[in-house]
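Structure data (PDB, C-alpha atoms) from upload_27.pdb:
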ATOM      1  CA  THR J   1      21.609   7.136 -29.507  1.00  0.00           C
ATOM      2  CA  PHE J   2      22.358   5.161 -26.346  1.00  0.00           C
ATOM      3  CA  ASP J   3      25.818   6.745 -26.004  1.00  0.00           C
ATOM      4  CA  ALA J   4      24.379  10.210 -26.615  1.00  0.00           C
ATOM      5  CA  VAL J   5      21.749   9.714 -23.904  1.00  0.00           C
ATOM      6  CA  LYS J   6      24.466   8.600 -21.468  1.00  0.00           C
ATOM      7  CA  ARG J   7      26.552  11.692 -22.239  1.00  0.00           C
ATOM      8  CA  HIS J   8      23.658  14.112 -21.817  1.00  0.00           C
ATOM      9  CA  CYS J   9      21.586  12.345 -19.137  1.00  0.00           C
ATOM     10  CA  GLY J  10      22.168  15.207 -16.680  1.00  0.00           C
ATOM     11  CA  HIS J  11      19.997  17.474 -18.818  1.00  0.00           C
ATOM     12  CA  ILE J  12      16.901  15.436 -17.912  1.00  0.00           C
ATOM     13  CA  THR J  13      16.473  17.706 -14.873  1.00  0.00           C
ATOM     14  CA  LYS J  14      15.670  20.592 -17.240  1.00  0.00           C
ATOM     15  CA  ILE J  15      12.549  18.771 -18.419  1.00  0.00           C
ATOM     16  CA  SER J  16       9.285  19.567 -16.611  1.00  0.00           C
ATOM     17  CA  ALA J  17       8.207  17.230 -13.815  1.00  0.00           C
ATOM     18  CA  GLU J  18       4.872  16.697 -15.542  1.00  0.00           C
ATOM     19  CA  ARG J  19       6.523  15.537 -18.772  1.00  0.00           C
ATOM     20  CA  ILE J  20       8.857  13.145 -16.944  1.00  0.00           C
ATOM     21  CA  ALA J  21       5.882  11.702 -15.025  1.00  0.00           C
ATOM     22  CA  MET J  22       3.960  11.261 -18.287  1.00  0.00           C
ATOM     23  CA  GLU J  23       6.855   9.413 -19.950  1.00  0.00           C
ATOM     24  CA  LEU J  24       7.357   7.238 -16.870  1.00  0.00           C
ATOM     25  CA  ALA J  25       3.663   6.342 -16.873  1.00  0.00           C
ATOM     26  CA  ALA J  26       3.953   5.232 -20.497  1.00  0.00           C
ATOM     27  CA  LEU J  27       7.112   3.250 -19.754  1.00  0.00           C
ATOM     28  CA  LEU J  28       5.628   1.465 -16.743  1.00  0.00           C
ATOM     29  CA  LYS J  29       2.673   0.303 -18.834  1.00  0.00           C
ATOM     30  CA  ALA J  30       4.723  -0.737 -21.881  1.00  0.00           C
ATOM     31  CA  GLU J  31       4.943  -4.394 -22.925  1.00  0.00           C
ATOM     32  CA  LYS J  32       8.755  -4.457 -22.578  1.00  0.00           C
ATOM     33  CA  ARG J  33       8.867  -2.248 -19.498  1.00  0.00           C
ATOM     34  CA  LYS J  34      11.531  -4.367 -17.757  1.00  0.00           C
ATOM     35  CA  LYS J  35      13.942  -3.630 -20.605  1.00  0.00           C
ATOM     36  CA  GLY J  36      12.840  -0.001 -20.443  1.00  0.00           C
ATOM     37  CA  ILE J  37      13.715   0.195 -16.737  1.00  0.00           C
ATOM     38  CA  GLU J  38      17.109  -1.408 -17.462  1.00  0.00           C
ATOM     39  CA  LEU J  39      17.836   1.262 -20.076  1.00  0.00           C
ATOM     40  CA  LEU J  40      16.583   4.012 -17.776  1.00  0.00           C
ATOM     41  CA  VAL J  41      19.172   2.866 -15.223  1.00  0.00           C
ATOM     42  CA  GLU J  42      22.023   2.141 -17.671  1.00  0.00           C
ATOM     43  CA  THR J  43      21.778   5.510 -19.397  1.00  0.00           C
ATOM     44  CA  GLY J  44      21.980   7.338 -16.055  1.00  0.00           C
ATOM     45  CA  LEU J  45      18.556   8.933 -16.547  1.00  0.00           C
ATOM     46  CA  ALA J  46      17.106   7.097 -13.509  1.00  0.00           C
ATOM     47  CA  GLY J  47      19.888   8.331 -11.227  1.00  0.00           C
ATOM     48  CA  ASN J  48      19.447  11.920 -12.361  1.00  0.00           C
ATOM     49  CA  ILE J  49      15.681  11.869 -11.889  1.00  0.00           C
ATOM     50  CA  PHE J  50      15.806   9.890  -8.642  1.00  0.00           C
ATOM     51  CA  PRO J  51      19.117  10.245  -6.710  1.00  0.00           C
ATOM     52  CA  THR J  52      18.507   7.011  -4.772  1.00  0.00           C
ATOM     53  CA  PHE J  53      18.856   5.097  -8.065  1.00  0.00           C
ATOM     54  CA  LYS J  54      22.583   5.826  -8.002  1.00  0.00           C
ATOM     55  CA  ASN J  55      22.613   3.028  -5.422  1.00  0.00           C
ATOM     56  CA  LYS J  56      23.029  -0.150  -7.499  1.00  0.00           C
ATOM     57  CA  SER J  57      21.147  -2.369  -5.054  1.00  0.00           C
ATOM     58  CA  VAL J  58      18.105  -0.100  -5.417  1.00  0.00           C
ATOM     59  CA  SER J  59      18.223   0.078  -9.212  1.00  0.00           C
ATOM     60  CA  ASN J  60      19.017  -3.624  -9.682  1.00  0.00           C
ATOM     61  CA  PHE J  61      16.124  -4.666  -7.479  1.00  0.00           C
ATOM     62  CA  ALA J  62      13.783  -2.305  -9.333  1.00  0.00           C
ATOM     63  CA  VAL J  63      14.641  -4.049 -12.613  1.00  0.00           C
ATOM     64  CA  LYS J  64      14.156  -7.450 -11.016  1.00  0.00           C
ATOM     65  CA  ILE J  65      10.712  -6.533  -9.617  1.00  0.00           C
ATOM     66  CA  PHE J  66       9.415  -5.796 -13.105  1.00  0.00           C
ATOM     67  CA  GLY J  67      10.051  -9.385 -14.093  1.00  0.00           C
ATOM     68  CA  TYR J  68       7.355 -10.491 -11.649  1.00  0.00           C
ATOM     69  CA  LEU J  69       4.601  -7.871 -11.846  1.00  0.00           C
ATOM     70  CA  PRO J  70       1.508  -8.693 -13.958  1.00  0.00           C
ATOM     71  CA  LYS J  71       1.280  -7.417 -17.538  1.00  0.00           C
ATOM     72  CA  LYS J  72      -1.328  -4.781 -16.757  1.00  0.00           C
ATOM     73  CA  ILE J  73      -0.532  -2.553 -13.795  1.00  0.00           C
ATOM     74  CA  SER J  74      -1.436   0.914 -12.605  1.00  0.00           C
ATOM     75  CA  PHE J  75       1.050   3.787 -12.599  1.00  0.00           C
ATOM     76  CA  GLU J  76       1.027   3.773  -8.775  1.00  0.00           C
ATOM     77  CA  LEU J  77       1.878   0.074  -8.551  1.00  0.00           C
ATOM     78  CA  GLY J  78       4.675   0.599 -11.054  1.00  0.00           C
ATOM     79  CA  MET J  79       6.116   3.461  -9.009  1.00  0.00           C
ATOM     80  CA  ALA J  80       5.939   1.393  -5.821  1.00  0.00           C
ATOM     81  CA  GLY J  81       7.730  -1.398  -7.679  1.00  0.00           C
ATOM     82  CA  LEU J  82      10.508   0.992  -8.713  1.00  0.00           C
ATOM     83  CA  PHE J  83      11.141   1.893  -5.070  1.00  0.00           C
ATOM     84  CA  ALA J  84      10.507  -1.539  -3.529  1.00  0.00           C
ATOM     85  CA  LYS J  85      14.059  -1.617  -2.114  1.00  0.00           C
ATOM     86  CA  CYS J  86      13.827   1.834  -0.477  1.00  0.00           C
ATOM     87  CA  SER J  87      12.378   3.003   2.809  1.00  0.00           C
ATOM     88  CA  THR J  88       9.020   4.705   2.378  1.00  0.00           C
ATOM     89  CA  ASP J  89      10.414   8.098   3.417  1.00  0.00           C
ATOM     90  CA  ASP J  90      13.321   7.918   0.951  1.00  0.00           C
ATOM     91  CA  ALA J  91      11.005   6.789  -1.832  1.00  0.00           C
ATOM     92  CA  ILE J  92       8.491   9.591  -1.312  1.00  0.00           C
ATOM     93  CA  GLU J  93      11.286  12.161  -1.046  1.00  0.00           C
ATOM     94  CA  ASN J  94      12.548  11.034  -4.472  1.00  0.00           C
ATOM     95  CA  ILE J  95       9.089  10.767  -6.015  1.00  0.00           C
ATOM     96  CA  GLU J  96       8.092  14.286  -4.943  1.00  0.00           C
ATOM     97  CA  VAL J  97      10.157  15.646  -7.839  1.00  0.00           C
ATOM     98  CA  LEU J  98       7.412  14.411 -10.191  1.00  0.00           C
ATOM     99  CA  LYS J  99       4.778  16.656  -8.575  1.00  0.00           C
ATOM    100  CA  LEU J 100       2.172  13.902  -8.559  1.00  0.00           C
ATOM    101  CA  SER J 101      -1.376  14.405  -7.330  1.00  0.00           C
ATOM    102  CA  ARG J 102      -2.270  13.895  -3.678  1.00  0.00           C
ATOM    103  CA  ASN J 103      -4.227  10.737  -4.548  1.00  0.00           C
ATOM    104  CA  GLU J 104      -1.319   9.251  -6.486  1.00  0.00           C
ATOM    105  CA  LEU J 105       1.082   9.912  -3.595  1.00  0.00           C
ATOM    106  CA  LYS J 106      -1.422   8.478  -1.111  1.00  0.00           C
ATOM    107  CA  HIS J 107      -1.724   5.302  -3.183  1.00  0.00           C
ATOM    108  CA  ILE J 108       2.054   4.858  -3.594  1.00  0.00           C
ATOM    109  CA  THR J 109       2.699   5.607   0.096  1.00  0.00           C
ATOM    110  CA  PHE J 110       0.132   3.005   1.152  1.00  0.00           C
ATOM    111  CA  LEU J 111       1.755   0.325  -1.014  1.00  0.00           C
ATOM    112  CA  LEU J 112       5.237   1.048   0.313  1.00  0.00           C
ATOM    113  CA  LYS J 113       4.219   1.384   3.970  1.00  0.00           C
ATOM    114  CA  LYS J 114       2.275  -1.876   3.942  1.00  0.00           C
ATOM    115  CA  ARG J 115       5.064  -4.024   2.489  1.00  0.00           C
ATOM    116  CA  ASP J 116       5.272  -7.335   4.426  1.00  0.00           C
ATOM    117  CA  TYR J 117       2.022  -6.527   6.277  1.00  0.00           C
ATOM    118  CA  LEU J 118       0.200  -9.377   4.524  1.00  0.00           C
ATOM    119  CA  LEU J 119       2.873 -11.818   5.700  1.00  0.00           C
ATOM    120  CA  LYS J 120       1.854 -11.347   9.342  1.00  0.00           C
ATOM    121  CA  LYS J 121      -0.725 -13.430  11.213  1.00  0.00           C
ATOM    122  CA  LEU J 122      -3.352 -10.711  11.371  1.00  0.00           C
ATOM    123  CA  PRO J 123      -6.311 -10.755  13.780  1.00  0.00           C
ATOM    124  CA  LEU J 124      -9.670 -10.981  11.999  1.00  0.00           C
ATOM    125  CA  ALA J 125     -10.484  -7.272  12.457  1.00  0.00           C
ATOM    126  CA  GLU J 126      -7.131  -6.107  11.016  1.00  0.00           C
ATOM    127  CA  PHE J 127      -7.431  -8.605   8.173  1.00  0.00           C
ATOM    128  CA  LYS J 128     -10.884  -7.316   7.201  1.00  0.00           C
ATOM    129  CA  LEU J 129      -9.652  -3.727   7.270  1.00  0.00           C
ATOM    130  CA  ILE J 130      -6.648  -4.345   5.005  1.00  0.00           C
ATOM    131  CA  VAL J 131      -8.574  -6.542   2.553  1.00  0.00           C
ATOM    132  CA  SER J 132     -11.291  -3.897   2.203  1.00  0.00           C
ATOM    133  CA  GLU J 133      -8.763  -1.165   1.357  1.00  0.00           C
ATOM    134  CA  PRO J 134      -9.207   0.163  -2.204  1.00  0.00           C
ATOM    135  CA  TYR J 135      -5.512  -0.473  -2.941  1.00  0.00           C
ATOM    136  CA  PHE J 136      -5.462  -4.034  -1.591  1.00  0.00           C
ATOM    137  CA  GLU J 137      -5.070  -5.855  -4.922  1.00  0.00           C
ATOM    138  CA  ASN J 138      -2.106  -3.672  -5.856  1.00  0.00           C
ATOM    139  CA  LEU J 139      -0.549  -4.373  -2.457  1.00  0.00           C
ATOM    140  CA  PHE J 140      -1.037  -8.098  -3.004  1.00  0.00           C
ATOM    141  CA  MET J 141       0.626  -7.943  -6.448  1.00  0.00           C
ATOM    142  CA  LEU J 142       3.531  -5.860  -5.124  1.00  0.00           C
ATOM    143  CA  GLN J 143       4.115  -8.219  -2.202  1.00  0.00           C
ATOM    144  CA  LYS J 144       4.073 -11.234  -4.506  1.00  0.00           C
ATOM    145  CA  ALA J 145       6.618  -9.623  -6.828  1.00  0.00           C
ATOM    146  CA  ILE J 146       8.883  -8.689  -3.899  1.00  0.00           C
ATOM    147  CA  LEU J 147       8.859 -12.253  -2.575  1.00  0.00           C
ATOM    148  CA  LYS J 148       9.626 -13.697  -5.995  1.00  0.00           C
ATOM    149  CA  ALA J 149      12.397 -11.164  -6.604  1.00  0.00           C
ATOM    150  CA  HIS J 150      13.952 -12.298  -3.310  1.00  0.00           C
ATOM    151  CA  ARG J 151      13.383 -15.941  -4.348  1.00  0.00           C
ATOM    152  CA  LYS J 152      11.163 -16.488  -1.319  1.00  0.00           C
ATOM    153  CA  SER J 153       8.059 -18.642  -0.973  1.00  0.00           C
ATOM    154  CA  THR J 154       4.639 -17.113  -1.702  1.00  0.00           C
ATOM    155  CA  THR J 155       2.828 -19.636   0.528  1.00  0.00           C
ATOM    156  CA  ALA J 156       1.786 -16.879   2.950  1.00  0.00           C
ATOM    157  CA  LEU J 157      -0.043 -15.082   0.148  1.00  0.00           C
ATOM    158  CA  THR J 158      -1.806 -18.282  -0.870  1.00  0.00           C
ATOM    159  CA  ALA J 159      -3.067 -18.470   2.712  1.00  0.00           C
ATOM    160  CA  VAL J 160      -4.256 -14.854   2.440  1.00  0.00           C
ATOM    161  CA  ARG J 161      -6.324 -15.760  -0.635  1.00  0.00           C
ATOM    162  CA  ARG J 162      -7.845 -18.743   1.140  1.00  0.00           C
ATOM    163  CA  ARG J 163      -8.757 -16.552   4.095  1.00  0.00           C
ATOM    164  CA  ILE J 164     -10.369 -13.998   1.783  1.00  0.00           C
ATOM    165  CA  ASN J 165     -12.430 -16.758   0.170  1.00  0.00           C
ATOM    166  CA  SER J 166     -13.626 -17.870   3.610  1.00  0.00           C
ATOM    167  CA  LEU J 167     -15.077 -14.374   4.139  1.00  0.00           C
ATOM    168  CA  ARG J 168     -17.216 -14.408   0.990  1.00  0.00           C
ATOM    169  CA  GLY J 169     -20.721 -13.187   1.663  1.00  0.00           C
ATOM    170  CA  LYS J 170     -19.629 -11.200   4.718  1.00  0.00           C
ATOM    171  CA  GLU J 171     -19.535  -7.424   4.782  1.00  0.00           C
ATOM    172  CA  LEU J 172     -15.914  -6.506   5.431  1.00  0.00           C
ATOM    173  CA  ARG J 173     -16.608  -2.927   6.585  1.00  0.00           C
ATOM    174  CA  PRO J 174     -20.142  -2.892   7.977  1.00  0.00           C
ATOM    175  CA  ALA J 175     -21.696   0.242   9.435  1.00  0.00           C
ATOM    176  CA  PRO J 176     -20.818   0.608  13.153  1.00  0.00           C
ATOM    177  CA  LEU J 177     -23.452  -0.823  15.486  1.00  0.00           C
ATOM    178  CA  LEU J 178     -23.436   2.464  17.442  1.00  0.00           C
ATOM    179  CA  ASN J 179     -22.640   5.941  16.166  1.00  0.00           C
ATOM    180  CA  GLY J 180     -20.898   8.704  18.154  1.00  0.00           C
ATOM    181  CA  TYR J 181     -24.125  10.268  19.410  1.00  0.00           C
ATOM    182  CA  GLU J 182     -25.430   6.920  20.689  1.00  0.00           C
ATOM    183  CA  ILE J 183     -22.122   6.294  22.442  1.00  0.00           C
ATOM    184  CA  MET J 184     -22.282   9.708  24.163  1.00  0.00           C
ATOM    185  CA  GLU J 185     -25.864   9.039  25.268  1.00  0.00           C
ATOM    186  CA  LEU J 186     -24.507   6.067  27.217  1.00  0.00           C
ATOM    187  CA  GLY J 187     -22.231   8.397  29.212  1.00  0.00           C
ATOM    188  CA  VAL J 188     -19.025   8.597  27.190  1.00  0.00           C
ATOM    189  CA  LYS J 189     -17.527  12.098  27.201  1.00  0.00           C
ATOM    190  CA  ALA J 190     -17.425  14.065  23.961  1.00  0.00           C
ATOM    191  CA  GLY J 191     -13.971  14.358  22.396  1.00  0.00           C
ATOM    192  CA  PRO J 192     -11.090  11.853  22.305  1.00  0.00           C
ATOM    193  CA  GLN J 193     -12.937   9.427  24.590  1.00  0.00           C
ATOM    194  CA  VAL J 194     -15.695   8.939  22.012  1.00  0.00           C
ATOM    195  CA  GLY J 195     -13.058   8.199  19.366  1.00  0.00           C
ATOM    196  CA  ALA J 196     -11.339   5.633  21.582  1.00  0.00           C
ATOM    197  CA  VAL J 197     -14.612   3.892  22.424  1.00  0.00           C
ATOM    198  CA  SER J 198     -15.803   3.947  18.797  1.00  0.00           C
ATOM    199  CA  LYS J 199     -12.548   2.439  17.591  1.00  0.00           C
ATOM    200  CA  GLY J 200     -12.474  -0.255  20.282  1.00  0.00           C
ATOM    201  CA  LEU J 201     -16.102  -1.154  19.692  1.00  0.00           C
ATOM    202  CA  TYR J 202     -15.632  -1.371  15.931  1.00  0.00           C
ATOM    203  CA  ILE J 203     -12.652  -3.714  16.335  1.00  0.00           C
ATOM    204  CA  GLU J 204     -14.849  -5.988  18.470  1.00  0.00           C
ATOM    205  CA  GLN J 205     -17.547  -5.831  15.794  1.00  0.00           C
ATOM    206  CA  LEU J 206     -15.121  -6.693  12.971  1.00  0.00           C
ATOM    207  CA  SER J 207     -13.740  -9.531  15.106  1.00  0.00           C
ATOM    208  CA  GLU J 208     -17.334 -10.830  15.248  1.00  0.00           C
ATOM    209  CA  LYS J 209     -17.251 -10.887  19.059  1.00  0.00           C
ATOM    210  CA  ILE J 210     -20.127  -8.400  19.016  1.00  0.00           C
ATOM    211  CA  THR J 211     -22.899  -8.806  16.451  1.00  0.00           C
ATOM    212  CA  THR J 212     -25.927  -6.919  17.804  1.00  0.00           C
ATOM    213  CA  LYS J 213     -26.722  -3.402  19.008  1.00  0.00           C
ATOM    214  CA  HIS J 214     -27.682  -4.789  22.411  1.00  0.00           C
ATOM    215  CA  GLN J 215     -24.238  -6.397  22.774  1.00  0.00           C
ATOM    216  CA  ALA J 216     -22.597  -3.145  21.655  1.00  0.00           C
ATOM    217  CA  ILE J 217     -24.436  -1.171  24.351  1.00  0.00           C
ATOM    218  CA  GLY J 218     -23.324  -3.711  26.944  1.00  0.00           C
ATOM    219  CA  TRP J 219     -19.694  -3.425  25.764  1.00  0.00           C
ATOM    220  CA  VAL J 220     -19.761   0.377  26.099  1.00  0.00           C
ATOM    221  CA  LYS J 221     -21.230   0.140  29.613  1.00  0.00           C
ATOM    222  CA  GLU J 222     -18.487  -2.287  30.634  1.00  0.00           C
ATOM    223  CA  TRP J 223     -15.881   0.043  29.113  1.00  0.00           C
ATOM    224  CA  LEU J 224     -17.239   2.925  31.196  1.00  0.00           C
ATOM    225  CA  LYS J 225     -17.049   0.868  34.406  1.00  0.00           C
ATOM    226  CA  LYS J 226     -13.394   0.049  33.740  1.00  0.00           C
ATOM    227  CA  HIS J 227     -12.444   3.641  32.860  1.00  0.00           C
ATOM    228  CA  GLN J 228     -14.327   5.638  35.492  1.00  0.00           C
TER     229      GLN J 228
END
Mind turning the file's structure into structure tokens?
Amino acid sequence: TFDAVKRHCGHITKISAERIAMELAALLKAEKRKKGIELLVETGLAGNIFPTFKNKSVSNFAVKIFGYLPKKISFELGMAGLFAKCSTDDAIENIEVLKLSRNELKHITFLLKKRDYLLKKLPLAEFKLIVSEPYFENLFMLQKAILKAHRKSTTALTAVRRRINSLRGKELRPAPLLNGYEIMELGVKAGPQVGAVSKGLYIEQLSEKITTKHQAIGWVKEWLKKHQ
């Protein structure tokens, strides 16, 4: 059967994108998925579905990643793991053949774009924003698997967990202290300027440099003085 699949692997492109995506989803959730990925590569099926898998460094790393991901993963995390060695643009270009939903592509793109982001020394505001993302846990698992596949230390991720624990009880994405209308009432012009002020003010709020509405009003007034 293995030899027959190798001989006829080129015919996989005649199968509907939806069916291939369905089979991949089942494979990525299977108990022996690492072996499944190995066979997908060895038979030539992977390279015919995704041209970038003809590059051995890409396919070999994909197999390695699946030795470090948790037992239960989402389809999107599995797909990001498959393309962990690729640039985000190359990965998405290959994945588009599957005709996935917009939400699935958004999820996979986020995971690939944010690789190594958690390894940086992030300011408090940026840290709160990334931790409060709905795909954060998948990003954390992907990053951990990538580090282990490269035989690198995961100490940075341990520090991330400690930092998350230190924020327990705090609202990571609180409502802005001032909305757009309130900002305009203070003299900020409608349009891009309101967006810039809102963003700057919210960063200050997340950084916990500003904690009250009164302080927020004062910050906007100071901003206006500097930008007149």
Next item on the list: Just say which residues the PyMOL selection byres ((chain J and resi 199) around 12) picks in this file, as a list of chain:residue names.
Entry: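 With the PyMOL selection byres ((chain J and resi 199) around 12) on this model, the match is J:Ala125, J:Pro176, J:Leu177, J:Leu178, J:Asn179, J:Gly180, J:Ile183, J:Pro192, J:Gln193, J:Val194, J:Gly195, J:Ala196, J:Val197, J:Ser198, J:Gly200, J:Leu201, J:Tyr202, J:Ile203, J:Glu204, J:Gln205, J:Leu206, J:Val220.
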Checklist line | Selection near stretch 56-72 of chain J, 7 Å with only C-alpha atoms, sequence-local residues under 6 positions removed, as a ChimeraX atom specification | finding: /J:29,34,37-38,41,81-86,141,145-146,148-149
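Minimum atom-to-atom distance to J:Thr109, evaluated using only C-alpha atoms, belongs to J:Ile92 out of J:Val5, J:Ile92, J:Leu142, J:Ala25.
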Item checked: Between atom CA of J:Ile217 and atom CA of J:Glu182, distance in Å (one decimal) ->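 It comes out at 8.9 Å.
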Next item on the list: Determine the residue set returned by the PyMOL selection byres ((chain J and resi 95) around 10) for the present structure, and present it as number ranges by chain.
Entry: J: 21, 49-50, 79-80, 83, 89-94, 96-100, 105, 108
Margin query: Rounded to one decimal, what separation in Å do you get between atom CA of J:Thr154 and atom CA of J:Asp116?
Written below: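 Distance reported for this atom pair: 11.6 Å.
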Next item on the list: Taking (-0.7, -6.2, -1.1) in the file's own coordinates, collect the residues within 12 Å, counting all atoms listed in the file, and hand them back as a ChimeraX atom specification.
Entry: /J:77,80-81,107-108,110-120,127,130-147,156-157,160-161
Notebook entry, point to check: If you measure from atom CA of J:Glu104 to atom CA of J:Phe75, what distance in Å do you get, rounded to one decimal?
Noted result: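 Pair atom CA of J:Glu104 / atom CA of J:Phe75 returns 8.5 Å.
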Please define a box with edges along x, y and z of the file around all atoms of stretch 30-44 of chain J given in the file, extend it by 3 Å on each side, and return its centre and edge lengths in Å to one decimal, as lines of an AutoDock Vina configuration file.
center_x = 13.4
center_y = 1.4
center_z = -19.1
size_x = 23.3
size_y = 17.8
size_z = 13.7
Note to self: Using all atoms listed in the file for the distances, tell me which of J:Leu39, J:Val188, J:Ala46, J:Ala26 is nearest to J:Ser74.
What the structure shows: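 Selected residue with least distance to J:Ser74: J:Ala26.
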Checklist line | Resolved residues for the PyMOL selection byres ((chain J and resi 48) around 12) as a VMD selection string | finding: chain J and resid 5 to 6 8 to 15 20 40 to 47 49 to 55 94 97
Notebook entry, point to check: Between J:Lys121, J:Lys225, J:Lys128, J:Lys213, which one has atoms that come closest to J:Asn165, using only C-alpha atoms?
Noted result: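 Ranking J:Lys121, J:Lys225, J:Lys128, J:Lys213 by distance to J:Asn165, first place goes to J:Lys128.
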Checklist line | Best match for closeness to J:Arg33 among J:Gly78, J:Ile164, J:Ser101, J:Leu122, counting all atoms listed in the file | finding: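 Ranked by minimum distance to J:Arg33, first place goes to J:Gly78.
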